[in-house]
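*Asks:* Let me begin by handing over the structure; questions about it come next.
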Amino acid sequence: MNLRTRFAPSPTGPLHLGHAYSAMMAHDMARAAGGEFLLRIEDIDQTRARPEWEAQIYDDLRWLGLDWDGPVMRQSDRMAAYDAALDDLWARGLLYVCTCNRRDIQAAMSAPQEGVPTHGPDGLIYPGTCRDKPQPAARPADAVLRLRLADCLAETGPLSFEETGPAHAGQITIDPARMIAEVGDIVLARRDMGTSYHLSVVLDDATQAISDVIRGEDLFAATQIHVLLQRILGLPTPRYHHHRLIRDADGKRLAKRDDARAIGKYRADGCTPADIRQMVKP
């Protein structure tokens, strides 16, 4: 299988050192194997996406010496594909409408059992408040939709994926009971987006025929969600490589709000691409 990797930033702020590390790793792995490196712009959050940030992404990547194969995929052009997947899951009874807000969820979890987690890879673990409410025959176009996780796991059978990252290398088996307890019924469509990160990322990886997903360690726990969605949607499961996170001197993970560590700032200060590689070198 031809090795195909991707870098998928959101145009909601400047690229920082962590982005550079992930992009360079995905690019270098693909080029070393004679494979392809693809670029995807994850702009489903149109309230925060800005064309100037997208333009800066292209400029920074080129400055780093990274080139990509084929046209850039933009998620905002793919809403029809996300709608089709949601229609399929709704018709199979695997989604339900949720009318709870964050305060409702927090109130329902006001007295959690000791030792039971309250947060998972999708944020607060949903207690299932709306799960058994009557549902409309047709999928509502502007509603929060949650996945019936237990029903999906009952359909799929055993789930696993191959991990090549240093922290978890090997074949990872997903424990259904633990997933139900620690993930819950995740949101697959948000009212203001019409989709979600989890749904769009698995559909986009399949469309781009990504063989190896290179991304940060902070997304390792979300991989079980993606593998489940791949199985119920009939999509292939790529290999995953979760790399270390780039942190500041205090051990804090870099984020887009850390403008002082933006690639553009380093460029303006006279750094070279080689300097950036040295900064993120293990």
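Here, A, B, ... name the chains of the structure tokens in the order displayed, residue numbers run from 1 inside each chain, and ligands are numbered from 1 in the same displayed order.
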Compile the contact shell of segment 54-66 of chain A as a PyMOL selection string: residues with an atom at most 12 Å away, counting only C-alpha atoms, same-chain residues fewer than 5 positions apart removed.

*Replies:* chain A and resi 6-17+19-31+36-43+48-49+72+74+262-268+271-277

*Asks:* Create the file for the chosen residues now, containing N, CA and C atoms and written as a compact mmCIF listing (two decimals), in the first residue's frame.

*Replies:*
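Saved the output as selection-v1.txt:
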```txt
# COMPACT_ATOMS: atom_id res chain seq x y z
N ARG A 6 -1.11 13.01 5.91
CA ARG A 6 -1.75 14.31 5.70
C ARG A 6 -1.46 15.22 6.88
N PHE A 7 -1.59 16.51 6.63
CA PHE A 7 -1.56 17.51 7.68
C PHE A 7 -2.87 18.26 7.55
N ALA A 8 -3.59 18.42 8.67
CA ALA A 8 -4.95 18.95 8.60
C ALA A 8 -5.15 20.06 9.64
N PRO A 9 -4.61 21.24 9.41
CA PRO A 9 -4.78 22.34 10.35
C PRO A 9 -6.11 23.05 10.18
N SER A 10 -6.51 23.76 11.22
CA SER A 10 -7.71 24.61 11.17
C SER A 10 -7.27 26.06 11.00
N PRO A 11 -7.89 26.79 10.09
CA PRO A 11 -7.48 28.19 9.85
C PRO A 11 -8.10 29.15 10.86
N THR A 12 -7.86 28.88 12.13
CA THR A 12 -8.44 29.69 13.21
C THR A 12 -7.38 30.40 14.02
N GLY A 13 -6.15 30.40 13.55
CA GLY A 13 -5.06 31.05 14.25
C GLY A 13 -3.75 30.67 13.60
N PRO A 14 -2.64 31.19 14.10
CA PRO A 14 -1.34 30.92 13.49
C PRO A 14 -0.82 29.52 13.80
N LEU A 15 -0.06 28.98 12.86
CA LEU A 15 0.64 27.72 13.13
C LEU A 15 1.73 27.97 14.17
N HIS A 16 1.86 27.04 15.13
CA HIS A 16 2.92 27.16 16.12
C HIS A 16 3.89 25.99 16.00
N LEU A 17 4.82 25.89 16.92
CA LEU A 17 5.85 24.85 16.84
C LEU A 17 5.27 23.45 16.82
N HIS A 19 2.40 22.49 15.54
CA HIS A 19 1.93 22.23 14.17
C HIS A 19 3.11 21.91 13.25
N ALA A 20 4.17 22.70 13.37
CA ALA A 20 5.34 22.49 12.51
C ALA A 20 5.90 21.08 12.70
N TYR A 21 5.98 20.65 13.96
CA TYR A 21 6.51 19.32 14.24
C TYR A 21 5.66 18.24 13.59
N SER A 22 4.34 18.34 13.74
CA SER A 22 3.44 17.34 13.18
C SER A 22 3.50 17.34 11.65
N ALA A 23 3.48 18.54 11.06
CA ALA A 23 3.53 18.64 9.60
C ALA A 23 4.84 18.08 9.05
N MET A 24 5.95 18.43 9.68
CA MET A 24 7.25 17.95 9.21
C MET A 24 7.36 16.44 9.35
N MET A 25 6.84 15.88 10.44
CA MET A 25 6.89 14.44 10.62
C MET A 25 6.08 13.72 9.56
N ALA A 26 4.85 14.19 9.31
CA ALA A 26 4.00 13.56 8.30
C ALA A 26 4.62 13.69 6.91
N HIS A 27 5.17 14.86 6.60
CA HIS A 27 5.82 15.08 5.31
C HIS A 27 7.04 14.19 5.14
N ASP A 28 7.90 14.17 6.15
CA ASP A 28 9.15 13.43 6.05
C ASP A 28 8.91 11.92 5.97
N MET A 29 7.92 11.42 6.72
CA MET A 29 7.61 9.99 6.65
C MET A 29 7.14 9.60 5.26
N ALA A 30 6.29 10.43 4.67
CA ALA A 30 5.79 10.13 3.33
C ALA A 30 6.91 10.18 2.31
N ARG A 31 7.72 11.22 2.35
CA ARG A 31 8.78 11.36 1.36
C ARG A 31 9.84 10.26 1.49
N GLU A 36 3.03 9.87 -0.52
CA GLU A 36 2.41 11.16 -0.77
C GLU A 36 2.03 11.85 0.54
N PHE A 37 2.17 13.16 0.53
CA PHE A 37 1.81 14.02 1.66
C PHE A 37 0.71 14.96 1.20
N LEU A 38 -0.45 14.90 1.88
CA LEU A 38 -1.59 15.69 1.47
C LEU A 38 -1.90 16.76 2.51
N LEU A 39 -2.57 17.81 2.04
CA LEU A 39 -2.94 18.91 2.92
C LEU A 39 -4.46 19.06 2.94
N ARG A 40 -5.01 19.21 4.13
CA ARG A 40 -6.45 19.39 4.30
C ARG A 40 -6.69 20.57 5.24
N ILE A 41 -7.61 21.43 4.89
CA ILE A 41 -7.97 22.56 5.73
C ILE A 41 -9.26 22.23 6.46
N GLU A 42 -9.18 22.10 7.79
CA GLU A 42 -10.34 21.72 8.59
C GLU A 42 -11.08 22.99 9.03
N ASP A 43 -11.98 23.43 8.17
CA ASP A 43 -12.65 24.71 8.38
C ASP A 43 -14.16 24.56 8.59
N ARG A 48 -15.13 30.74 13.19
CA ARG A 48 -13.77 31.08 13.61
C ARG A 48 -12.75 31.04 12.48
N ALA A 49 -13.07 30.33 11.40
CA ALA A 49 -12.13 30.22 10.28
C ALA A 49 -11.97 31.57 9.59
N VAL A 72 -5.57 20.93 -2.40
CA VAL A 72 -5.89 21.01 -0.96
C VAL A 72 -7.37 20.68 -0.79
N ARG A 74 -10.71 21.08 1.36
CA ARG A 74 -11.28 22.00 2.34
C ARG A 74 -12.60 21.41 2.83
N ALA A 262 4.36 31.39 17.51
CA ALA A 262 3.86 31.19 16.16
C ALA A 262 5.03 31.13 15.19
N ILE A 263 4.89 30.31 14.16
CA ILE A 263 5.94 30.18 13.15
C ILE A 263 6.23 31.54 12.52
N GLY A 264 5.17 32.32 12.27
CA GLY A 264 5.37 33.63 11.69
C GLY A 264 6.24 34.54 12.54
N LYS A 265 6.12 34.41 13.86
CA LYS A 265 6.94 35.22 14.77
C LYS A 265 8.40 34.79 14.69
N TYR A 266 8.66 33.49 14.65
CA TYR A 266 10.03 33.01 14.51
C TYR A 266 10.63 33.49 13.19
N ARG A 267 9.83 33.46 12.13
CA ARG A 267 10.30 33.94 10.83
C ARG A 267 10.68 35.40 10.90
N ALA A 268 9.80 36.18 11.53
CA ALA A 268 10.06 37.62 11.64
C ALA A 268 11.32 37.91 12.46
N CYS A 271 14.65 33.49 12.26
CA CYS A 271 14.93 32.05 12.31
C CYS A 271 14.86 31.44 10.92
N THR A 272 15.52 30.32 10.75
CA THR A 272 15.48 29.56 9.51
C THR A 272 14.67 28.29 9.71
N PRO A 273 14.24 27.64 8.63
CA PRO A 273 13.57 26.34 8.79
C PRO A 273 14.41 25.33 9.56
N ALA A 274 15.73 25.39 9.37
CA ALA A 274 16.62 24.48 10.11
C ALA A 274 16.55 24.78 11.61
N ASP A 275 16.40 26.05 11.97
CA ASP A 275 16.28 26.41 13.38
C ASP A 275 15.00 25.81 13.97
N ILE A 276 13.92 25.84 13.20
CA ILE A 276 12.65 25.28 13.68
C ILE A 276 12.80 23.79 13.91
N ARG A 277 13.44 23.10 12.98
CA ARG A 277 13.66 21.66 13.16
C ARG A 277 14.49 21.38 14.40
```

*Asks:* Set out as a Markdown table a contact list for segment 120-144 of chain A and segment 173-182 of chain A with a cut-off of 9 Å, giving each residue of segment 120-144 of chain A that qualifies its closest atom pair and distance in Å to one decimal, counting only C-alpha atoms, ordered by chain and rising residue number.

*Replies:*
```
| residue | atom | partner | partner_atom | distance |
| --- | --- | --- | --- | --- |
| A:Gly120 | CA | A:Glu182 | CA | 5.5 |
| A:Pro121 | CA | A:Glu182 | CA | 8.2 |
| A:Ile125 | CA | A:Glu182 | CA | 6.9 |
```

*Asks:* So the first atom is atom CA of Asp142 of chain A and the second is atom CA of Arg191 of chain A; what is the distance between them in Å, to one decimal place?

*Replies:* 5.3 Å

*Asks:* Name the residues in contact with Arg92 of chain A at a cut-off of 12 Å, using only C-alpha atoms, excluding same-chain residues fewer than 6 positions from it; report them as a ChimeraX atom specification.

*Replies:* /A:85-86,137-139,147-148,151-152,155,232-233

*Asks:* If you run DSSP on this backbone, which residues of segment 204-248 of chain A come out as helix (DSSP H, G or I), and could you give them as a PyMOL selection string?

*Replies:* chain A and resi 204-207+217-219+223-232

*Asks:* Which residues, written as number ranges by chain, have at least one atom at most 10 Å from Gly34 of chain A, with only C-alpha atoms counted and residues fewer than 6 positions away on the same chain left out?

*Replies:* A: 2-4, 28

*Asks:* Would you mind exporting N, CA and C atoms of the selected residues as a compact mmCIF listing (two decimals), in the first residue's frame?

*Replies:*
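Written file, again_25.txt:
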```
# COMPACT_ATOMS: atom_id res chain seq x y z
N ASN A 2 0.59 2.17 -0.91
CA ASN A 2 1.34 3.42 -0.98
C ASN A 2 1.11 4.22 0.29
N LEU A 3 2.20 4.69 0.90
CA LEU A 3 2.07 5.44 2.14
C LEU A 3 1.58 6.85 1.83
N ARG A 4 0.47 7.21 2.44
CA ARG A 4 -0.12 8.55 2.26
C ARG A 4 -0.40 9.15 3.64
N ASP A 28 7.90 14.17 6.15
CA ASP A 28 9.15 13.43 6.05
C ASP A 28 8.91 11.92 5.97
```
